[in-house]
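The file entry.pdb comes next; it holds PDB, C-alpha atoms.
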```pdb
ATOM      1  CA  ILE A   1      31.872-140.044-124.598
ATOM      2  CA  ASN A   2      30.135-143.366-125.082
ATOM      3  CA  LEU A   3      31.416-144.681-121.749
ATOM      4  CA  GLY A   4      30.144-141.595-119.966
ATOM      5  CA  GLY A   5      26.869-141.553-121.869
ATOM      6  CA  ASN A   6      26.035-145.184-121.254
ATOM      7  CA  GLY A   7      26.960-144.933-117.574
ATOM      8  CA  SER A   8      29.986-147.257-117.640
ATOM      9  CA  ASP A   9      31.970-144.301-116.274
ATOM     10  CA  ASP A  10      30.548-141.537-114.101
ATOM     11  CA  PHE A  11      32.132-138.777-116.203
ATOM     12  CA  ALA A  12      34.105-138.231-119.385
ATOM     13  CA  PHE A  13      36.485-135.385-120.201
ATOM     14  CA  ALA A  14      35.722-135.182-123.897
ATOM     15  CA  ASP A  15      35.108-133.057-126.972
ATOM     16  CA  ALA A  16      31.750-131.352-126.491
ATOM     17  CA  THR A  17      31.114-130.918-130.213
ATOM     18  CA  THR A  18      31.557-134.629-130.835
ATOM     19  CA  ALA A  19      29.352-135.307-127.807
ATOM     20  CA  ALA A  20      26.645-133.184-129.438
ATOM     21  CA  ARG A  21      26.788-135.274-132.594
ATOM     22  CA  LEU A  22      26.450-138.481-130.567
ATOM     23  CA  ILE A  23      23.627-137.027-128.483
ATOM     24  CA  SER A  24      21.793-136.156-131.710
ATOM     25  CA  GLN A  25      22.100-139.858-132.634
ATOM     26  CA  GLY A  26      20.448-140.928-129.391
ATOM     27  CA  LEU A  27      23.260-141.201-126.832
ATOM     28  CA  PRO A  28      21.709-140.303-123.443
ATOM     29  CA  ALA A  29      24.424-137.850-122.412
ATOM     30  CA  VAL A  30      24.822-134.177-121.576
ATOM     31  CA  VAL A  31      27.749-131.759-121.177
ATOM     32  CA  VAL A  32      27.580-130.621-117.539
ATOM     33  CA  LEU A  33      30.666-128.384-117.485
ATOM     34  CA  GLY A  34      32.375-126.462-120.248
ATOM     35  CA  ILE A  35      36.161-126.180-119.920
ATOM     36  CA  PHE A  36      37.722-125.385-123.307
ATOM     37  CA  GLN A  37      34.737-123.493-124.685
ATOM     38  CA  ARG A  38      36.662-121.672-127.398
ATOM     39  CA  SER A  39      37.296-124.146-130.189
ATOM     40  CA  THR A  40      40.728-125.737-129.846
ATOM     41  CA  LEU A  41      40.698-126.841-133.491
ATOM     42  CA  ALA A  42      43.623-125.330-135.369
ATOM     43  CA  LEU A  43      45.903-125.674-138.359
ATOM     44  CA  PHE A  44      49.647-125.557-137.690
ATOM     45  CA  TYR A  45      51.899-124.796-140.629
ATOM     46  CA  ALA A  46      55.539-124.490-141.582
ATOM     47  CA  ARG A  47      56.364-120.809-142.084
ATOM     48  CA  ASP A  48      58.659-121.517-145.056
ATOM     49  CA  ARG A  49      55.760-122.687-147.280
ATOM     50  CA  GLY A  50      54.524-119.238-148.280
ATOM     51  CA  ILE A  51      51.671-119.180-145.770
ATOM     52  CA  GLN A  52      51.027-115.887-143.980
ATOM     53  CA  SER A  53      47.228-115.628-143.806
ATOM     54  CA  PRO A  54      44.467-118.259-143.778
ATOM     55  CA  ARG A  55      43.598-117.673-147.436
ATOM     56  CA  ASP A  56      47.189-118.607-148.325
ATOM     57  CA  LEU A  57      46.111-122.183-147.596
ATOM     58  CA  LYS A  58      44.562-122.289-151.065
ATOM     59  CA  GLY A  59      46.432-124.904-153.072
ATOM     60  CA  LYS A  60      48.329-126.145-150.009
ATOM     61  CA  ARG A  61      48.516-129.683-148.589
ATOM     62  CA  ILE A  62      46.964-130.355-145.164
ATOM     63  CA  SER A  63      47.804-133.580-143.365
ATOM     64  CA  MET A  64      45.178-135.255-141.203
ATOM     65  CA  CYS A  65      43.913-138.596-139.929
ATOM     66  CA  ALA A  66      40.996-140.025-141.857
ATOM     67  CA  GLY A  67      37.714-139.682-139.989
ATOM     68  CA  ASP A  68      38.919-137.764-136.940
ATOM     69  CA  GLY A  69      37.100-134.681-135.679
ATOM     70  CA  MET A  70      39.631-132.290-137.139
ATOM     71  CA  THR A  71      38.910-133.733-140.596
ATOM     72  CA  VAL A  72      35.142-133.665-140.112
ATOM     73  CA  TYR A  73      35.136-130.001-139.063
ATOM     74  CA  LEU A  74      37.663-128.688-141.616
ATOM     75  CA  PRO A  75      34.930-127.655-144.128
ATOM     76  CA  ILE A  76      33.421-125.366-141.466
ATOM     77  CA  TYR A  77      36.724-123.512-141.110
ATOM     78  CA  LEU A  78      37.368-123.346-144.852
ATOM     79  CA  HIS A  79      33.928-121.821-145.401
ATOM     80  CA  ALA A  80      34.629-119.258-142.668
ATOM     81  CA  ILE A  81      37.795-118.072-144.425
ATOM     82  CA  GLY A  82      36.212-118.043-147.881
ATOM     83  CA  LEU A  83      37.604-121.305-149.256
ATOM     84  CA  GLN A  84      36.051-124.575-150.404
ATOM     85  CA  PRO A  85      37.209-128.104-149.481
ATOM     86  CA  ASN A  86      38.596-128.620-152.985
ATOM     87  CA  ASP A  87      40.757-125.505-152.598
ATOM     88  CA  VAL A  88      43.145-127.525-150.413
ATOM     89  CA  GLN A  89      44.681-130.956-150.795
ATOM     90  CA  GLN A  90      43.917-133.260-147.907
ATOM     91  CA  VAL A  91      46.810-135.637-147.206
ATOM     92  CA  SER A  92      45.389-138.565-145.243
ATOM     93  CA  VAL A  93      47.995-140.418-143.173
ATOM     94  CA  ASP A  94      48.256-142.497-140.026
ATOM     95  CA  CYS A  95      47.772-140.273-136.982
ATOM     96  CA  SER A  96      51.323-140.986-135.792
ATOM     97  CA  LEU A  97      52.719-139.496-139.018
ATOM     98  CA  LYS A  98      50.674-136.396-139.638
ATOM     99  CA  TYR A  99      53.279-134.006-138.149
ATOM    100  CA  THR A 100      56.214-135.876-139.653
ATOM    101  CA  VAL A 101      54.932-135.452-143.215
ATOM    102  CA  VAL A 102      54.979-131.661-142.757
ATOM    103  CA  ALA A 103      58.634-131.839-141.712
ATOM    104  CA  GLN A 104      59.292-134.068-144.751
ATOM    105  CA  ASN A 105      57.673-131.461-147.041
ATOM    106  CA  LYS A 106      54.931-133.901-148.023
ATOM    107  CA  ALA A 107      52.382-131.526-146.498
ATOM    108  CA  ASP A 108      52.379-127.816-145.709
ATOM    109  CA  ALA A 109      50.068-127.760-142.684
ATOM    110  CA  VAL A 110      48.452-130.167-140.253
ATOM    111  CA  ALA A 111      45.002-130.320-138.672
ATOM    112  CA  SER A 112      45.581-130.326-134.930
ATOM    113  CA  TYR A 113      44.517-128.946-131.564
ATOM    114  CA  GLY A 114      45.794-125.541-130.485
ATOM    115  CA  THR A 115      46.396-126.962-127.021
ATOM    116  CA  ALA A 116      48.984-129.497-128.190
ATOM    117  CA  GLY A 117      50.084-128.888-131.767
ATOM    118  CA  ARG A 118      53.079-126.634-131.106
ATOM    119  CA  PRO A 119      55.212-129.137-129.127
ATOM    120  CA  LEU A 120      54.271-131.892-131.580
ATOM    121  CA  MET A 121      55.482-129.764-134.496
ATOM    122  CA  GLN A 122      58.649-128.882-132.607
ATOM    123  CA  ALA A 123      59.248-132.573-131.898
ATOM    124  CA  VAL A 124      59.596-133.248-135.641
ATOM    125  CA  GLY A 125      62.017-130.358-136.137
ATOM    126  CA  ILE A 126      59.759-127.382-136.970
ATOM    127  CA  ALA A 127      60.983-124.985-134.307
ATOM    128  CA  ASP A 128      58.618-122.065-134.896
ATOM    129  CA  PRO A 129      55.357-123.242-136.486
ATOM    130  CA  GLY A 130      52.560-120.864-137.370
ATOM    131  CA  LYS A 131      48.993-121.450-136.243
ATOM    132  CA  PHE A 132      45.489-120.590-137.443
ATOM    133  CA  ASP A 133      42.772-121.083-134.826
ATOM    134  CA  TYR A 134      39.329-121.954-136.153
ATOM    135  CA  ALA A 135      37.874-119.664-133.479
ATOM    136  CA  ASP A 136      39.736-116.655-134.912
ATOM    137  CA  ALA A 137      37.649-117.087-138.073
ATOM    138  CA  GLY A 138      34.444-116.904-136.057
ATOM    139  CA  VAL A 139      33.868-120.651-135.790
ATOM    140  CA  PHE A 140      31.879-121.422-132.627
ATOM    141  CA  LEU A 141      32.415-125.071-131.745
ATOM    142  CA  PRO A 142      32.694-125.842-128.023
ATOM    143  CA  SER A 143      35.669-128.012-127.264
ATOM    144  CA  HIS A 144      36.387-130.178-124.229
ATOM    145  CA  GLY A 145      34.196-130.384-121.169
ATOM    146  CA  ILE A 146      32.720-132.852-118.702
ATOM    147  CA  VAL A 147      30.111-135.265-120.051
ATOM    148  CA  ALA A 148      27.765-137.448-117.984
ATOM    149  CA  SER A 149      24.812-139.693-118.742
ATOM    150  CA  THR A 150      21.333-138.287-118.366
ATOM    151  CA  LYS A 151      20.660-141.091-115.878
ATOM    152  CA  THR A 152      23.603-140.018-113.714
ATOM    153  CA  VAL A 153      22.420-136.402-113.889
ATOM    154  CA  SER A 154      18.855-137.242-112.893
ATOM    155  CA  GLN A 155      19.616-139.843-110.199
ATOM    156  CA  ARG A 156      22.912-138.620-108.722
ATOM    157  CA  GLY A 157      22.630-134.867-109.077
ATOM    158  CA  ALA A 158      24.351-134.068-105.771
ATOM    159  CA  MET A 159      27.406-136.092-106.800
ATOM    160  CA  VAL A 160      27.465-134.394-110.202
ATOM    161  CA  ARG A 161      27.368-130.978-108.524
ATOM    162  CA  ARG A 162      30.282-131.875-106.221
ATOM    163  CA  PHE A 163      32.377-133.145-109.122
ATOM    164  CA  VAL A 164      31.632-130.114-111.283
ATOM    165  CA  THR A 165      32.422-127.750-108.396
ATOM    166  CA  ALA A 166      35.727-129.471-107.630
ATOM    167  CA  THR A 167      36.757-129.586-111.295
ATOM    168  CA  ALA A 168      35.965-125.905-111.824
ATOM    169  CA  LYS A 169      37.903-124.996-108.664
ATOM    170  CA  ALA A 170      40.937-126.944-109.902
ATOM    171  CA  TRP A 171      40.925-125.218-113.291
ATOM    172  CA  GLN A 172      40.583-121.797-111.698
ATOM    173  CA  ALA A 173      43.546-122.594-109.461
ATOM    174  CA  ALA A 174      45.561-123.631-112.525
ATOM    175  CA  GLN A 175      44.683-120.354-114.216
ATOM    176  CA  ALA A 176      45.798-118.382-111.165
ATOM    177  CA  ASP A 177      49.074-120.261-110.620
ATOM    178  CA  PRO A 178      50.294-122.381-113.569
ATOM    179  CA  ASP A 179      53.564-123.228-111.799
ATOM    180  CA  ALA A 180      51.684-124.739-108.856
ATOM    181  CA  ALA A 181      49.470-126.673-111.264
ATOM    182  CA  VAL A 182      52.527-128.141-112.988
ATOM    183  CA  ALA A 183      54.095-129.032-109.624
ATOM    184  CA  ALA A 184      50.894-130.781-108.554
ATOM    185  CA  THR A 185      50.785-132.714-111.835
ATOM    186  CA  VAL A 186      54.364-133.918-111.430
ATOM    187  CA  ALA A 187      53.720-134.854-107.803
ATOM    188  CA  ALA A 188      50.783-136.990-108.931
ATOM    189  CA  GLN A 189      52.676-138.465-111.913
ATOM    190  CA  PRO A 190      56.395-138.675-111.004
ATOM    191  CA  LEU A 191      57.378-139.986-114.448
ATOM    192  CA  LEU A 192      56.747-136.453-115.746
ATOM    193  CA  LYS A 193      59.596-135.052-113.654
ATOM    194  CA  GLY A 194      61.997-133.162-115.905
ATOM    195  CA  LYS A 195      59.224-132.159-118.309
ATOM    196  CA  GLU A 196      57.979-129.214-116.278
ATOM    197  CA  ALA A 197      58.786-126.626-118.966
ATOM    198  CA  LEU A 198      56.824-128.552-121.611
ATOM    199  CA  LEU A 199      53.902-129.067-119.223
ATOM    200  CA  LYS A 200      53.764-125.369-118.397
ATOM    201  CA  ALA A 201      53.943-124.314-122.048
ATOM    202  CA  THR A 202      51.123-126.705-122.904
ATOM    203  CA  LEU A 203      49.038-125.461-119.975
ATOM    204  CA  ILE A 204      49.553-121.815-120.940
ATOM    205  CA  ASP A 205      48.534-122.635-124.525
ATOM    206  CA  SER A 206      45.454-124.444-123.196
ATOM    207  CA  LEU A 207      44.244-121.632-120.958
ATOM    208  CA  GLN A 208      43.561-119.343-123.931
ATOM    209  CA  TYR A 209      40.716-121.660-125.002
ATOM    210  CA  ILE A 210      38.633-121.363-121.826
ATOM    211  CA  ALA A 211      36.795-118.057-122.285
ATOM    212  CA  THR A 212      34.556-117.022-125.182
ATOM    213  CA  PRO A 213      32.666-113.792-125.863
ATOM    214  CA  GLY A 214      29.492-115.496-124.699
ATOM    215  CA  THR A 215      30.907-116.773-121.400
ATOM    216  CA  ARG A 216      32.900-113.780-120.187
ATOM    217  CA  GLY A 217      31.687-112.593-116.816
ATOM    218  CA  LYS A 218      29.950-115.890-116.106
ATOM    219  CA  ALA A 219      30.917-118.590-113.621
ATOM    220  CA  PHE A 220      33.654-120.990-114.733
ATOM    221  CA  GLY A 221      32.136-123.740-116.846
ATOM    222  CA  TRP A 222      28.881-121.926-117.684
ATOM    223  CA  GLN A 223      27.931-122.611-121.303
ATOM    224  CA  SER A 224      26.490-119.982-123.640
ATOM    225  CA  PRO A 225      23.078-120.893-125.123
ATOM    226  CA  GLN A 226      23.685-118.587-128.097
ATOM    227  CA  GLU A 227      27.076-120.147-128.900
ATOM    228  CA  TRP A 228      25.605-123.638-128.604
ATOM    229  CA  GLN A 229      22.905-122.612-131.083
ATOM    230  CA  GLU A 230      25.570-121.356-133.506
ATOM    231  CA  ALA A 231      27.514-124.600-133.092
ATOM    232  CA  GLU A 232      24.373-126.622-133.714
ATOM    233  CA  ALA A 233      23.665-124.714-136.937
ATOM    234  CA  ALA A 234      27.201-125.363-138.227
ATOM    235  CA  LEU A 235      27.049-129.061-137.362
ATOM    236  CA  VAL A 236      23.680-129.470-139.061
ATOM    237  CA  GLN A 237      24.907-127.685-142.188
ATOM    238  CA  TYR A 238      28.358-129.196-142.563
ATOM    239  CA  THR A 239      28.249-132.626-140.920
ATOM    240  CA  GLY A 240      24.678-133.678-141.619
ATOM    241  CA  MET A 241      23.862-133.843-137.919
ATOM    242  CA  THR A 242      20.169-134.257-137.170
ATOM    243  CA  LYS A 243      18.799-131.086-135.595
ATOM    244  CA  PRO A 244      17.320-131.772-132.161
ATOM    245  CA  ALA A 245      14.237-130.034-130.828
ATOM    246  CA  SER A 246      16.531-127.639-128.964
ATOM    247  CA  ALA A 247      20.269-127.069-128.562
ATOM    248  CA  GLU A 248      19.595-127.453-124.829
ATOM    249  CA  ALA A 249      19.628-131.206-125.462
ATOM    250  CA  PHE A 250      23.416-130.966-125.556
ATOM    251  CA  TYR A 251      24.308-129.151-122.344
ATOM    252  CA  SER A 252      23.225-128.196-118.847
ATOM    253  CA  ASN A 253      24.211-125.254-116.664
ATOM    254  CA  ALA A 254      22.292-126.624-113.703
ATOM    255  CA  PHE A 255      25.406-127.771-111.834
ATOM    256  CA  VAL A 256      27.586-124.695-112.379
ATOM    257  CA  ALA A 257      27.924-122.246-109.496
ATOM    258  CA  PRO A 258      25.803-119.127-110.151
TER     259      PRO A 258
END
```

Output the file's structure in the form of structure tokens.
Amino acid sequence: INLGGNGSDDFAFADATTAARLISQGLPAVVVLGIFQRSTLALFYARDRGIQSPRDLKGKRISMCAGDGMTVYLPIYLHAIGLQPNDVQQVSVDCSLKYTVVAQNKADAVASYGTAGRPLMQAVGIADPGKFDYADAGVFLPSHGIVASTKTVSQRGAMVRRFVTATAKAWQAAQADPDAAVAATVAAQPLLKGKEALLKATLIDSLQYIATPGTRGKAFGWQSPQEWQEAEAALVQYTGMTKPASAEAFYSNAFVAP
């Protein structure tokens, strides 16, 4: 986000919610295309720990990396399901270990991304993990999109439009034909050959985070002003983010096809 915002890179594929927090601190950046607009934040859990509904997390241990976005935003989800931060035990570990400690029964659940958590849980021996999506509790936090600097947007608008158009077209093609998308990925990165099934499963999991109630019927990548306002309110309340003059400071729909 910083590299995109300061112009070192033309674009960044990054977490839009975290971009908003940095923009509120003065980073001259803007989200020019929403991709995963439904929050990808999730909690994966081992089904043998007596967890069936989100409120069953009370008294349970949740593993996470100190300071990462999933830790920062956990209080928003807990509030949405009627719990307080002290109702759960946060187990802070190195990021490389946060799934392993669930398998070792040193934690019951893990803060993760819905797009990638399942194969990571399966890799440590939890074959059929359960999942609670933050979005299912009514948490509106836009996830990954394309970020550019305000300077790039103002001075190279035609290039931004071409990039946004091409990126949206690619994602729509992946939605329409996941097998072709996987084949194209492997063709571009031959070392992934043999992992097609995992790539497809991850892609299918990812596609469920594209649409939101506020974006249905709109062009791919269009961002909902109302949902950005709801996200802003949550970030101000739970992360101490400084409220900007308008939530429109965070995003632009100017480059999305009408």

Assuming the chain letters and numbering stay as they are in my file, what does the PyMOL selection byres ((chain A and resi 89-100) around 12) actually select? List them as a ChimeraX atom specification. /A:43-46,57-68,70-72,74-75,84-88,101-112,116-126,129

Just to confirm, what's the straight-line distance from atom CA of Gly50 of chain A to atom CA of Tyr238 of chain A in Å (one decimal)?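 So the two atoms, atom CA of Gly50 of chain A and atom CA of Tyr238 of chain A, lie 28.6 Å apart.
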
Nearest to Leu235 of chain A: which of A:Ala219, A:Ala201, A:Ala247, A:Ala168 is it, counting all atoms listed in the file? A:Ala247

The PyMOL selection byres ((chain A and resi 165) around 10) applied to the shown file, residues as a list in words: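 On this input, the PyMOL selection byres ((chain A and resi 165) around 10) captures Leu33, Met159, Val160, Arg161, Arg162, Phe163, Val164, Ala166, Thr167, Ala168, Lys169, Ala170, Phe220, Gly221, Phe255, Val256 and Ala257 of chain A.
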
Assuming the chain letters and numbering stay as they are in my file, what does the PyMOL selection byres ((chain A and resi 175-186) around 10) actually select? List them as a ChimeraX atom specification. /A:169-174,187-201,203-204,206-208,210

List the spatial neighbours of Asp136 of chain A as an NGL selection string - criterion: any atom at most 10 Å away, only C-alpha atoms, same-chain residues fewer than 2 positions off excluded. :A and (38-39 or 42 or 77 or 80-81 or 132-134 or 138-140)

Using only C-alpha atoms, which residue out of A:Leu78, A:Leu3, A:Leu27, A:Ala20 lies closest to Thr150 of chain A?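 The shortest atom-to-atom distance to Thr150 of chain A comes from A:Leu27.
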
My list of candidates is A:Val236, A:Ile1, A:Leu41, A:Val31. Which is closest to Gly114 of chain A when distances are computed with all atoms listed in the file?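 Among the listed residues, the smallest separation from Gly114 of chain A belongs to A:Leu41.
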
Please write as a PDB file with C-alpha atoms, in the frame of the given file the list of polymer residues whose atoms come within 12 Å of (17.3, -125.3, -123.4), counting only C-alpha atoms and keeping to the coordinates of the file.
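For reference, result.pdb as written:
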```
ATOM      1  CA  VAL A  30      24.822-134.177-121.576  1.00  0.00           C
ATOM      2  CA  GLN A 223      27.931-122.611-121.303  1.00  0.00           C
ATOM      3  CA  SER A 224      26.490-119.982-123.640  1.00  0.00           C
ATOM      4  CA  PRO A 225      23.078-120.893-125.123  1.00  0.00           C
ATOM      5  CA  GLN A 226      23.685-118.587-128.097  1.00  0.00           C
ATOM      6  CA  TRP A 228      25.605-123.638-128.604  1.00  0.00           C
ATOM      7  CA  GLN A 229      22.905-122.612-131.083  1.00  0.00           C
ATOM      8  CA  PRO A 244      17.320-131.772-132.161  1.00  0.00           C
ATOM      9  CA  ALA A 245      14.237-130.034-130.828  1.00  0.00           C
ATOM     10  CA  SER A 246      16.531-127.639-128.964  1.00  0.00           C
ATOM     11  CA  ALA A 247      20.269-127.069-128.562  1.00  0.00           C
ATOM     12  CA  GLU A 248      19.595-127.453-124.829  1.00  0.00           C
ATOM     13  CA  ALA A 249      19.628-131.206-125.462  1.00  0.00           C
ATOM     14  CA  PHE A 250      23.416-130.966-125.556  1.00  0.00           C
ATOM     15  CA  TYR A 251      24.308-129.151-122.344  1.00  0.00           C
ATOM     16  CA  SER A 252      23.225-128.196-118.847  1.00  0.00           C
ATOM     17  CA  ASN A 253      24.211-125.254-116.664  1.00  0.00           C
ATOM     18  CA  ALA A 254      22.292-126.624-113.703  1.00  0.00           C
TER      19      ALA A 254
END
```

Could I get the residues of segment 123-159 of chain A with an atom no further than 9 Å from an atom of segment 7-10 of chain A, each paired with its nearest atom pair and that distance in Å to one decimal, using all atoms listed in the file, sorted by chain and residue number, as a tab-separated table?
```
residue	atom	partner	partner_atom	distance
A:Val147	CA	A:Asp10	CA	8.7
A:Ala148	CA	A:Asp10	CA	6.3
A:Ser149	CA	A:Gly7	CA	5.8
A:Thr150	CA	A:Gly7	CA	8.7
A:Lys151	CA	A:Gly7	CA	7.6
A:Thr152	CA	A:Gly7	CA	7.1
```

Written selection (C-alpha atoms) as a compact mmCIF listing (two decimals), keeping the file's coordinate frame:
```txt
# COMPACT_ATOMS: atom_id res chain seq x y z
CA VAL A 147 30.11 -135.26 -120.05
CA ALA A 148 27.76 -137.45 -117.98
CA SER A 149 24.81 -139.69 -118.74
CA THR A 150 21.33 -138.29 -118.37
CA LYS A 151 20.66 -141.09 -115.88
CA THR A 152 23.60 -140.02 -113.71
```
